[in-house]
$ cat upload.cif   # mmCIF, C-alpha atoms
data_upload
loop_
_atom_site.label_atom_id
_atom_site.label_comp_id
_atom_site.auth_asym_id
_atom_site.auth_seq_id
_atom_site.Cartn_x
_atom_site.Cartn_y
_atom_site.Cartn_z
CA MET R 186 -0.87 -59.84 102.06
CA ILE R 187 -0.41 -63.40 100.90
CA PRO R 188 -1.26 -62.72 97.21
CA LEU R 189 1.10 -59.70 97.26
CA PHE R 190 3.99 -61.81 98.49
CA ALA R 191 3.12 -64.55 96.03
CA GLY R 192 3.21 -62.02 93.20
CA LEU R 193 6.55 -60.61 94.33
CA PHE R 194 7.94 -64.16 94.54
CA PHE R 195 6.92 -64.92 90.90
CA LEU R 196 8.36 -61.61 89.69
CA SER R 197 11.63 -62.40 91.42
CA LEU R 198 11.63 -65.76 89.68
CA LEU R 199 11.10 -64.07 86.27
CA SER R 200 13.96 -61.60 86.84
CA ILE R 201 16.49 -64.42 87.32
CA LYS R 202 18.53 -64.67 84.12
CA THR R 203 18.62 -68.13 82.69
CA GLN R 204 20.56 -69.54 79.75
CA LYS R 205 17.49 -70.88 78.12
CA SER R 206 14.67 -68.51 77.15
CA PRO R 207 11.35 -69.42 78.58
CA VAL R 208 8.80 -71.16 76.40
CA TYR R 209 6.14 -68.49 76.74
CA GLU R 210 8.59 -65.88 75.52
CA GLN R 211 9.28 -67.99 72.48
CA TRP R 212 5.52 -68.28 71.89
CA VAL R 213 5.06 -64.57 72.14
CA LEU R 214 8.00 -63.93 69.88
CA ASN R 215 6.81 -66.49 67.38
CA ALA R 216 3.44 -64.85 67.35
CA LEU R 217 4.93 -61.41 67.08
CA SER R 218 7.39 -62.15 64.33
CA PRO R 219 4.97 -62.31 61.34
CA VAL R 220 3.31 -59.13 62.56
CA THR R 221 6.68 -57.45 62.89
CA ASP R 222 7.67 -58.75 59.52
CA PHE R 223 4.44 -57.43 58.04
CA PHE R 224 4.93 -54.00 59.57
CA SER R 225 8.55 -53.97 58.61
CA TRP R 226 7.73 -54.97 55.01
CA THR R 227 4.92 -52.40 54.89
CA SER R 228 7.08 -49.63 56.31
CA LYS R 229 9.89 -50.53 53.91
CA GLY R 230 7.43 -50.50 51.08
CA VAL R 231 6.01 -47.17 52.14
CA ARG R 232 9.50 -45.72 52.59
CA LYS R 233 10.55 -47.11 49.23
CA SER R 234 7.46 -45.70 47.51
CA TRP R 235 8.00 -42.39 49.21
CA ASN R 236 11.66 -42.26 48.29
CA HIS R 237 11.25 -43.51 44.72
CA TYR R 238 7.97 -41.97 43.65
CA PHE R 239 6.62 -39.17 45.80
CA TYR R 240 9.97 -37.84 46.85
CA LEU R 241 11.22 -38.21 43.26
CA VAL R 242 8.82 -35.60 41.99
CA GLY R 243 11.45 -33.15 43.18
CA ALA R 244 14.20 -35.46 42.01
CA SER R 245 12.71 -35.57 38.56
CA GLN R 246 12.83 -31.78 38.44
CA GLU R 247 16.35 -31.99 39.81
CA ARG R 248 17.22 -34.49 37.12
CA ASP R 249 15.86 -32.11 34.44
CA LEU R 250 17.93 -29.36 35.96
CA LEU R 251 21.02 -31.56 36.02
CA GLN R 252 20.42 -32.63 32.46
CA ALA R 253 20.10 -29.01 31.41
CA LYS R 254 23.30 -28.28 33.31
CA LEU R 255 24.99 -31.23 31.63
CA SER R 256 23.97 -30.07 28.19
CA SER R 257 25.14 -26.56 29.02
CA PHE R 258 28.42 -28.09 30.14
CA GLY R 259 28.57 -29.85 26.78
CA GLU R 260 28.04 -26.53 25.03
CA LEU R 261 30.61 -24.96 27.30
CA LYS R 262 33.04 -27.73 26.47
CA ALA R 263 32.46 -27.25 22.75
CA HIS R 264 32.88 -23.49 23.23
CA ASP R 265 36.09 -24.14 25.19
CA GLU R 266 37.32 -26.39 22.41
CA GLY R 267 36.57 -23.63 19.89
CA LEU R 268 38.43 -21.12 22.05
CA ARG R 269 41.36 -23.51 22.45
CA LEU R 270 41.62 -23.97 18.67
CA GLU R 271 41.24 -20.24 18.10
CA ASN R 272 43.92 -19.61 20.70
CA GLU R 273 46.21 -22.06 18.95
CA ARG R 274 45.62 -20.46 15.56
CA LEU R 275 46.13 -16.95 16.92
CA LYS R 276 49.28 -18.06 18.72
CA ASN R 277 50.68 -19.46 15.48
CA LEU R 278 49.73 -16.26 13.70
CA LEU R 279 51.32 -14.15 16.41
CA ASP R 280 54.52 -16.22 16.30
CA MET R 281 54.59 -15.78 12.56
CA LYS R 282 54.00 -12.05 12.89
CA GLN R 283 56.69 -11.56 15.54
CA LYS R 284 59.29 -13.66 13.75
CA ASN R 285 58.76 -12.67 10.12
CA PHE R 286 56.37 -9.76 9.68
CA PRO R 287 56.43 -7.37 12.65
CA LYS R 288 54.48 -4.68 10.77
CA ALA R 289 51.68 -7.01 9.75
CA ILE R 290 48.04 -6.29 10.60
CA ALA R 291 45.87 -9.15 11.81
CA ALA R 292 42.32 -9.38 10.47
CA ARG R 293 39.37 -11.66 10.84
CA VAL R 294 37.61 -13.26 7.87
CA MET R 295 34.03 -11.95 7.71
CA ALA R 296 32.61 -13.64 4.65
CA PHE R 297 33.38 -15.58 1.53
CA ASP R 298 32.44 -14.54 -1.98
CA PRO R 299 28.70 -15.16 -2.50
CA ARG R 300 29.43 -16.15 -6.11
CA SER R 301 31.14 -19.52 -5.87
CA GLU R 302 33.12 -19.02 -9.12
CA PHE R 303 35.09 -16.13 -7.65
CA LYS R 304 37.49 -17.00 -4.87
CA SER R 305 37.72 -14.06 -2.53
CA ILE R 306 37.13 -13.27 1.13
CA ARG R 307 36.07 -10.15 3.00
CA ILE R 308 38.10 -9.09 6.03
CA ASP R 309 37.24 -6.76 8.91
CA LYS R 310 40.07 -4.26 8.34
CA GLY R 311 40.08 -1.43 5.81
CA SER R 312 41.74 1.83 4.85
CA ARG R 313 41.23 3.25 8.35
CA GLN R 314 43.44 0.49 9.73
CA GLY R 315 46.12 1.10 7.09
CA ILE R 316 45.12 -1.52 4.53
CA ALA R 317 45.83 -0.69 0.88
CA PRO R 318 45.20 -2.59 -2.37
CA ASP R 319 47.74 -5.23 -3.48
CA MET R 320 49.13 -5.85 0.01
CA PRO R 321 50.10 -9.51 0.44
CA VAL R 322 47.95 -11.59 2.78
CA VAL R 323 49.21 -14.65 4.66
CA ALA R 324 47.90 -17.13 7.21
CA SER R 325 49.72 -19.49 9.54
CA GLY R 326 49.78 -22.10 6.73
CA GLY R 327 51.29 -19.84 4.09
CA LEU R 328 50.27 -17.44 1.31
CA VAL R 329 46.57 -16.52 1.10
CA GLY R 330 46.47 -13.86 -1.64
CA LYS R 331 46.48 -10.11 -2.07
CA VAL R 332 44.21 -7.29 -0.99
CA GLY R 333 41.65 -6.23 -3.60
CA PRO R 334 39.23 -3.29 -3.29
CA VAL R 335 39.50 -1.56 0.09
CA PHE R 336 36.71 0.21 2.00
CA LYS R 337 36.84 2.17 5.26
CA ASP R 338 36.55 -0.80 7.63
CA GLU R 339 36.49 -3.72 5.22
CA ALA R 340 38.53 -5.08 2.36
CA TYR R 341 38.38 -7.85 -0.19
CA VAL R 342 41.19 -10.35 -0.53
CA LEU R 343 41.73 -12.13 -3.84
CA LEU R 344 42.80 -15.68 -2.99
CA ILE R 345 45.62 -17.37 -4.87
CA VAL R 346 43.14 -20.03 -5.99
CA ASP R 347 41.05 -17.49 -7.94
CA PRO R 348 41.50 -17.91 -11.70
CA ALA R 349 42.51 -14.23 -11.95
CA SER R 350 45.39 -14.66 -9.49
CA PHE R 351 49.05 -15.16 -10.46
CA VAL R 352 52.08 -15.63 -8.19
CA ASP R 353 55.73 -15.91 -9.21
CA CYS R 354 57.05 -19.02 -7.43
CA LEU R 355 60.20 -21.05 -6.80
CA VAL R 356 60.47 -24.78 -6.28
CA ASN R 357 62.17 -24.88 -2.88
CA ARG R 358 64.35 -27.91 -3.63
CA SER R 359 65.64 -27.10 -7.14
CA ARG R 360 65.04 -23.30 -7.19
CA VAL R 361 63.20 -23.61 -10.50
CA ARG R 362 60.85 -20.70 -11.34
CA GLY R 363 57.26 -20.87 -12.50
CA LEU R 364 54.06 -18.89 -12.54
CA LEU R 365 51.34 -20.09 -10.22
CA ALA R 366 47.79 -19.48 -11.46
CA GLY R 367 44.56 -20.14 -9.60
CA SER R 368 42.19 -22.81 -10.81
CA GLY R 369 39.27 -22.17 -8.51
CA THR R 370 37.59 -25.32 -7.36
CA ILE R 371 38.52 -27.95 -9.87
CA PRO R 372 38.38 -31.69 -9.23
CA ASN R 373 41.87 -33.05 -8.73
CA THR R 374 43.24 -36.28 -10.17
CA ASP R 375 41.01 -38.37 -7.91
CA PHE R 376 38.00 -36.24 -8.94
CA LYS R 377 37.64 -35.03 -5.38
CA PRO R 378 36.69 -31.37 -5.28
CA GLY R 379 39.21 -29.10 -3.64
CA PHE R 380 41.11 -25.90 -4.16
CA LEU R 381 43.92 -26.25 -6.65
CA THR R 382 46.38 -24.04 -8.41
CA ARG R 383 48.52 -24.76 -11.45
CA LEU R 384 52.18 -23.98 -11.97
CA GLU R 385 52.85 -22.85 -15.53
CA TYR R 386 55.75 -21.74 -17.75
CA LEU R 387 58.13 -24.31 -16.28
CA LYS R 388 60.88 -25.17 -18.73
CA ARG R 389 60.76 -28.72 -20.10
CA GLU R 390 64.08 -29.63 -18.49
CA SER R 391 63.22 -28.07 -15.13
CA ASP R 392 63.68 -30.33 -12.12
CA ILE R 393 60.30 -30.65 -10.44
CA GLN R 394 58.51 -33.63 -8.95
CA ALA R 395 55.44 -34.45 -6.90
CA GLY R 396 55.86 -33.52 -3.24
CA ASP R 397 58.11 -30.49 -3.90
CA SER R 398 57.16 -27.44 -1.89
CA LEU R 399 56.73 -24.04 -3.54
CA ILE R 400 57.66 -20.66 -2.12
CA THR R 401 57.20 -17.13 -3.42
CA SER R 402 60.14 -15.85 -5.44
CA GLY R 403 59.62 -12.17 -4.69
CA LEU R 404 60.28 -11.33 -8.34
CA ASP R 405 56.73 -10.16 -9.01
CA ARG R 406 57.38 -7.36 -6.49
CA LEU R 407 54.06 -8.13 -4.89
CA TYR R 408 54.73 -10.99 -2.50
CA PRO R 409 57.87 -11.08 -0.32
CA LYS R 410 60.32 -13.89 -1.02
CA GLY R 411 60.13 -17.15 0.88
CA ILE R 412 56.44 -17.49 1.83
CA LEU R 413 55.20 -21.05 1.56
CA VAL R 414 52.63 -21.41 -1.21
CA GLY R 415 51.85 -25.09 -1.62
CA GLU R 416 52.97 -28.55 -2.61
CA VAL R 417 53.24 -30.07 -6.08
CA GLN R 418 50.65 -32.77 -6.54
CA THR R 419 51.25 -33.94 -10.12
CA VAL R 420 53.58 -32.93 -12.94
CA ASP R 421 52.33 -32.94 -16.52
CA LYS R 422 55.14 -33.18 -19.07
CA ASP R 423 53.87 -32.56 -22.58
CA PRO R 424 56.20 -34.51 -24.95
CA LEU R 425 55.89 -31.87 -27.68
CA GLY R 426 55.41 -28.66 -25.71
CA LEU R 427 58.04 -26.14 -24.62
CA PHE R 428 56.84 -26.06 -21.05
CA GLN R 429 55.66 -28.47 -18.41
CA LYS R 430 52.79 -27.88 -16.01
CA ALA R 431 52.13 -28.96 -12.45
CA LYS R 432 49.09 -29.12 -10.25
CA VAL R 433 49.70 -27.55 -6.86
CA VAL R 434 47.75 -27.98 -3.63
CA PRO R 435 47.87 -24.73 -1.62
CA SER R 436 49.35 -24.98 1.87
CA VAL R 437 46.47 -22.97 3.33
CA ASP R 438 43.08 -24.58 3.90
CA PHE R 439 40.88 -21.87 2.39
CA SER R 440 37.62 -23.45 3.43
CA GLY R 441 38.54 -23.13 7.11
CA LEU R 442 40.24 -19.73 6.95
CA GLU R 443 39.34 -17.52 9.92
CA GLU R 444 42.23 -15.14 10.60
CA VAL R 445 44.83 -13.64 8.27
CA LEU R 446 47.79 -11.29 8.40
CA ILE R 447 48.10 -8.38 5.98
CA LEU R 448 51.73 -7.54 5.29
CA ARG R 449 52.58 -3.87 5.23
CA PRO R 450 55.70 -2.75 3.36
CA MET M 125 4.68 -2.91 -6.14
CA ILE M 126 6.35 -1.38 -3.09
CA ARG M 127 5.58 -4.56 -1.17
CA THR M 128 7.27 -6.68 -3.88
CA LEU M 129 10.29 -4.38 -3.91
CA PHE M 130 10.48 -4.48 -0.12
CA LEU M 131 10.28 -8.28 -0.05
CA SER M 132 12.87 -8.49 -2.85
CA LEU M 133 15.26 -6.32 -0.87
CA ILE M 134 14.90 -8.53 2.20
CA TYR M 135 15.30 -11.66 0.09
CA GLY M 136 18.36 -10.26 -1.70
CA PHE M 137 20.18 -9.26 1.47
CA GLY M 138 19.22 -12.49 3.22
CA VAL M 139 20.41 -14.73 0.41
CA ILE M 140 23.67 -12.83 -0.08
CA ALA M 141 24.41 -13.03 3.65
CA LEU M 142 23.61 -16.74 3.61
CA GLN M 143 25.76 -17.43 0.54
CA SER M 144 28.63 -15.44 2.06
CA ILE M 145 28.69 -17.56 5.17
CA VAL M 146 27.52 -20.96 3.97
CA PRO M 147 29.20 -21.84 0.67
CA LEU M 148 26.10 -23.07 -1.18
CA PRO M 149 26.76 -24.84 -4.45
CA GLY M 150 23.80 -23.08 -6.07
CA ASP M 151 22.45 -19.55 -6.60
CA LEU M 152 19.20 -18.76 -4.81
CA LEU M 153 19.04 -15.29 -6.39
CA LEU M 154 18.93 -16.82 -9.84
CA LEU M 155 15.94 -18.89 -8.73
CA ALA M 156 14.22 -15.62 -7.80
CA VAL M 157 14.98 -14.26 -11.27
CA ILE M 158 13.48 -17.43 -12.78
CA TYR M 159 10.43 -16.99 -10.56
CA PHE M 160 9.97 -13.38 -11.71
CA GLY M 161 10.46 -14.41 -15.31
CA PHE M 162 7.71 -17.01 -15.19
CA TYR M 163 5.21 -15.58 -12.74
CA GLU M 164 5.46 -11.78 -12.64
CA GLU M 165 5.04 -8.87 -15.04
CA TRP M 166 8.16 -8.28 -17.08
CA THR M 167 8.62 -4.61 -16.14
CA LEU M 168 8.67 -5.29 -12.41
CA GLY M 169 10.47 -8.62 -12.78
CA PHE M 170 13.20 -7.16 -14.98
CA SER M 171 13.93 -4.26 -12.65
CA ILE M 172 14.05 -6.56 -9.62
CA SER M 173 16.31 -9.02 -11.46
CA LEU M 174 18.69 -6.18 -12.31
CA GLY M 175 18.58 -5.02 -8.69
CA LEU M 176 19.37 -8.49 -7.35
CA GLY M 177 22.21 -8.80 -9.85
CA PHE M 178 23.56 -5.45 -8.73
CA LEU M 179 23.48 -6.50 -5.07
CA LEU M 180 25.37 -9.70 -5.83
CA ASP M 181 27.92 -7.88 -7.98
CA VAL M 182 28.57 -5.40 -5.19
CA ALA M 183 28.96 -8.15 -2.59
CA SER M 184 31.25 -10.21 -4.81
CA LEU M 185 34.68 -9.54 -6.29
CA ALA M 186 33.23 -10.16 -9.76
CA PRO M 187 33.46 -7.20 -12.20
CA LEU M 188 30.46 -4.94 -11.71
CA GLY M 189 27.76 -5.92 -14.17
CA THR M 190 28.63 -9.62 -14.42
CA THR M 191 25.59 -10.87 -12.57
CA MET M 192 23.35 -8.06 -13.83
CA PHE M 193 24.21 -9.03 -17.40
CA ALA M 194 23.68 -12.74 -16.71
CA TYR M 195 20.39 -12.23 -14.88
CA SER M 196 18.96 -9.87 -17.49
CA ALA M 197 19.92 -12.36 -20.23
CA VAL M 198 18.17 -15.18 -18.36
CA PHE M 199 15.14 -12.98 -17.72
CA GLY M 200 14.93 -12.01 -21.40
CA LEU M 201 15.20 -15.65 -22.43
CA ILE M 202 12.39 -16.65 -20.05
CA CYS M 203 10.14 -13.86 -21.36
CA PHE M 204 10.76 -15.12 -24.86
CA LEU M 205 10.18 -18.76 -23.96
CA ARG M 206 7.48 -18.76 -21.32
CA SER M 207 4.51 -18.95 -23.66
CA LYS M 208 6.16 -21.70 -25.68
CA ILE M 209 7.35 -24.16 -23.07
CA LEU M 210 5.86 -26.47 -20.51
CA PHE M 211 6.98 -25.54 -17.00
CA ARG M 212 4.47 -27.31 -14.80
CA SER M 213 5.70 -30.87 -14.57
CA LEU M 214 8.59 -31.59 -12.22
CA ALA M 215 10.86 -33.05 -14.89
CA SER M 216 10.43 -30.12 -17.27
CA ARG M 217 10.83 -27.68 -14.40
CA PHE M 218 14.09 -29.34 -13.34
CA CYS M 219 15.42 -29.33 -16.91
CA TRP M 220 14.50 -25.70 -17.57
CA ILE M 221 15.97 -24.43 -14.30
CA ALA M 222 19.16 -26.39 -14.97
CA PHE M 223 19.32 -25.02 -18.52
CA LEU M 224 18.72 -21.44 -17.36
CA THR M 225 21.46 -21.82 -14.74
CA LEU M 226 23.83 -22.94 -17.47
CA VAL M 227 22.84 -19.97 -19.63
CA SER M 228 23.37 -17.59 -16.71
CA GLU M 229 26.82 -19.00 -16.04
CA LEU M 230 27.75 -18.82 -19.71
CA PHE M 231 26.81 -15.14 -19.85
CA ALA M 232 28.59 -14.41 -16.55
CA TRP M 233 31.72 -16.19 -17.77
CA SER M 234 31.75 -14.35 -21.11
CA TYR M 235 31.20 -11.00 -19.41
CA SER M 236 33.88 -11.44 -16.74
CA ASN M 237 36.32 -12.87 -19.32
CA SER M 238 35.87 -9.81 -21.49
CA PHE M 239 37.29 -7.74 -18.60
CA SER M 240 40.03 -10.00 -17.33
CA GLU M 241 41.32 -12.96 -19.27
CA THR M 242 41.49 -15.89 -16.86
CA GLY M 243 42.58 -18.32 -19.53
CA ARG M 244 40.04 -20.84 -18.40
CA PRO M 245 37.75 -22.19 -21.10
CA PHE M 246 34.05 -22.64 -20.43
CA TRP M 247 34.30 -26.41 -20.56
CA ALA M 248 36.71 -26.22 -17.61
CA GLU M 249 34.14 -24.14 -15.77
CA LEU M 250 31.60 -26.87 -16.44
CA LEU M 251 33.66 -29.27 -14.33
CA VAL M 252 32.74 -27.09 -11.39
CA LEU M 253 29.39 -25.77 -12.58
CA TRP M 254 27.59 -29.10 -12.92
CA LYS M 255 27.11 -29.06 -9.14
CA LYS M 256 25.53 -25.63 -9.30
CA ILE M 257 23.31 -26.63 -12.22
CA PHE M 258 22.17 -29.80 -10.45
CA PHE M 259 21.65 -28.00 -7.12
CA ASN M 260 19.58 -25.24 -8.71
CA GLY M 261 17.52 -27.79 -10.64
CA CYS M 262 16.73 -29.81 -7.52
CA VAL M 263 16.19 -26.92 -5.12
CA GLY M 264 14.17 -24.99 -7.72
CA LEU M 265 11.50 -27.69 -7.67
CA PHE M 266 10.24 -26.59 -4.29
CA TRP M 267 11.94 -23.20 -3.96
CA LEU M 268 9.78 -21.63 -6.67
CA LYS M 269 6.69 -22.72 -4.72
CA ALA M 270 8.16 -21.16 -1.59
CA LEU M 271 8.89 -17.97 -3.52
CA GLN M 272 5.31 -17.89 -4.79
CA TRP M 273 4.15 -17.97 -1.19
CA TYR M 274 6.79 -15.41 -0.12
CA TRP M 275 5.99 -12.83 -2.76
CA GLY M 276 2.29 -13.42 -2.21
CA LEU M 277 2.53 -12.15 1.37
CA THR M 278 0.38 -9.08 1.99
CA TRP M 279 1.19 -6.11 4.20
CA GLU M 280 -1.40 -7.37 6.69
CA GLN M 281 0.31 -10.75 6.93
CA LEU M 282 3.66 -9.05 7.28
CA LEU M 283 2.75 -6.49 9.88
CA GLN M 284 0.03 -8.13 11.96
CA PRO M 285 1.06 -10.56 14.66
CA SER M 286 0.24 -14.16 13.88
CA ASN M 287 -1.31 -14.80 17.33
CA PRO M 288 -5.12 -14.88 16.87
CA LEU M 289 -5.61 -13.26 20.28
CA TYR M 290 -4.19 -10.03 18.97
CA ARG M 291 -6.00 -10.08 15.67
CA LYS M 292 -8.73 -7.59 14.98
CA ARG M 293 -12.22 -8.91 15.07
CA GLU M 294 -13.48 -9.21 11.56
CA ASN M 295 -17.09 -8.24 12.31
#
$ encode --input "upload.cif" --output "structure tokens"
Amino acid sequence: MIPLFAGLFFLSLLSIKTQKSPVYEQWVLNALSPVTDFFSWTSKGVRKSWNHYFYLVGASQERDLLQAKLSSFGELKAHDEGLRLENERLKNLLDMKQKNFPKAIAARVMAFDPRSEFKSIRIDKGSRQGIAPDMPVVASGGLVGKVGPVFKDEAYVLLIVDPASFVDCLVNRSRVRGLLAGSGTIPNTDFKPGFLTRLEYLKRESDIQAGDSLITSGLDRLYPKGILVGEVQTVDKDPLGLFQKAKVVPSVDFSGLEEVLILRP
Amino acid sequence: MIRTLFLSLIYGFGVIALQSIVPLPGDLLLLAVIYFGFYEEWTLGFSISLGLGFLLDVASLAPLGTTMFAYSAVFGLICFLRSKILFRSLASRFCWIAFLTLVSELFAWSYSNSFSETGRPFWAELLVLWKKIFFNGCVGLFWLKALQWYWGLTWEQLLQPSNPLYRKREN
């Protein structure tokens, strides 16, 4: 009985809370701390390795998936940008159609002339859609050309920059008349290649200067009056000749042409 | 012969589609005509050259016959010259292809001008054509080799799958 009571007495002494921790506790804790640290470091290491290596086998696949998704988003964004630009162009074309040419037929450009010397395009509308030869063709920028040979569902359009093309024009500012002829792709004054046209049969005394805009006169009975054609780049006044000539930059960017309007009478 | 015609048809359509979509500065059909002029029999080569010219004339807004006339002139010139000139070295090959391109364009210009007067002299065309001449000269250096391989393809190579697993055992 005596050892039992002695034991209970010591236990009761241990359960009394003191401000100062006992020395043996400190010893035990001091001894335990490196072990705890070791286990803690090891478990952290294991967890870290698990999370960053073994677990990342899935993450690596996930990363590939995300990267694929990201690239597809990039493609989607580019596609969206293309659609936005197309939408803008079609909106401009539709505005133009509703305001000025309600009977016009819209067509998509299918191909350019495979022979680079001839400036023509092929469109996806033909005789079945009411297209006929010599109909004027415009784009949101201005005059494009006239319809050439027509097939059932396709037609050729002769561009105004083709050497075989002629348009009767007016200088918008001074109302001076001239004949606009295509030059194909000829280097301009800076020797940069680009589409150019030349305005001919301008009287010597005619008032024309660089920067003047040109519109169709309607006198050739082919193109309606008032369609924007281009801008005068340089004027060449021959001191002895009867006429002066001008180089004209078309208002339409033919290299990026995608949709056109065919004007029906 | 049928194989060559078949391959020519594929080549012709392919090149015309390519040139209609991508504005190439050169003429890959003319390089085929030059190939036929130098490396094939004249009867077959001449008929294929005419056929390729016809295809291009139909696909273009040029007066019908422009390219046929130009290609047949180039083909005739090659037949006349091929035993007399050196065509193996790169420099001579470049020069001859460039020269033949110039000849082709001169004939095409004279033919199309005889139908519709554009009022543009040939020297003005040269301002634009130098790019085509240079392109054809450069591309021709390796393109003719590629054409030699292309027209050397046999029916077996064309029709059998390239995977060796599906090939017939030779023995």
$ interface_residues --input "upload.cif" --of "chain M" --to "chain R" --cutoff "12 Å" --atoms "all atoms listed in the file" --output "VMD selection string"
chain M and resid 136 to 154 177 179 to 187 190 to 191 229 to 230 232 to 233 236 to 237 239 to 256
$ closest_atom_pairs --input "upload.cif" --of "segment 295-402 of chain R" --to "segment 275-290 of chain R" --cutoff "12 Å" --atoms "all atoms listed in the file" --output "tab-separated table"
residue	atom	partner	partner_atom	distance
R:Ile308	CA	R:Ile290	CA	11.3
R:Asp309	CA	R:Ile290	CA	10.9
R:Lys310	CA	R:Ile290	CA	8.5
R:Gly311	CA	R:Ile290	CA	10.5
R:Ser312	CA	R:Ile290	CA	11.8
R:Arg313	CA	R:Ile290	CA	11.9
R:Gln314	CA	R:Ile290	CA	8.2
R:Gly315	CA	R:Ile290	CA	8.4
R:Ile316	CA	R:Ile290	CA	8.3
R:Ala317	CA	R:Ile290	CA	11.4
R:Met320	CA	R:Ala289	CA	10.1
R:Pro321	CA	R:Ala289	CA	9.8
R:Val322	CA	R:Ala289	CA	9.1
R:Val323	CA	R:Leu278	CA	9.2
R:Ala324	CA	R:Leu278	CA	6.8
R:Ser325	CA	R:Leu278	CA	5.3
R:Gly326	CA	R:Leu278	CA	9.1
R:Gly327	CA	R:Met281	CA	10.0
$ residues_near_point --input "upload.cif" --point "(12.6, -13.7, -10.1)" --cutoff "9 Å" --atoms "all atoms listed in the file" --output "list in words"
Ser132, Leu153, Leu154, Leu155, Ala156, Val157, Ile158, Tyr159, Phe160, Gly161, Phe162, Tyr163, Glu164, Gly169, Phe170, Ile172, Ser173, Leu176, Phe199 and Leu271 of chain M
$ atom_distance --input "upload.cif" --atom1 "atom CA of Asn357 of chain R" --atom2 "atom CA of Val294 of chain R"
29.2 Å
$ atom_distance --input "upload.cif" --atom1 "atom CA of Arg206 of chain M" --atom2 "atom CA of Trp220 of chain M"
10.6 Å
$ atom_distance --input "upload.cif" --atom1 "atom CA of Leu404 of chain R" --atom2 "atom CA of Val352 of chain R"
9.3 Å
$ closest_residue --input "upload.cif" --among "M:Ile257, M:Gly189, M:Leu201, M:Phe266" --to "Ser238 of chain M" --atoms "all atoms listed in the file"
M:Gly189
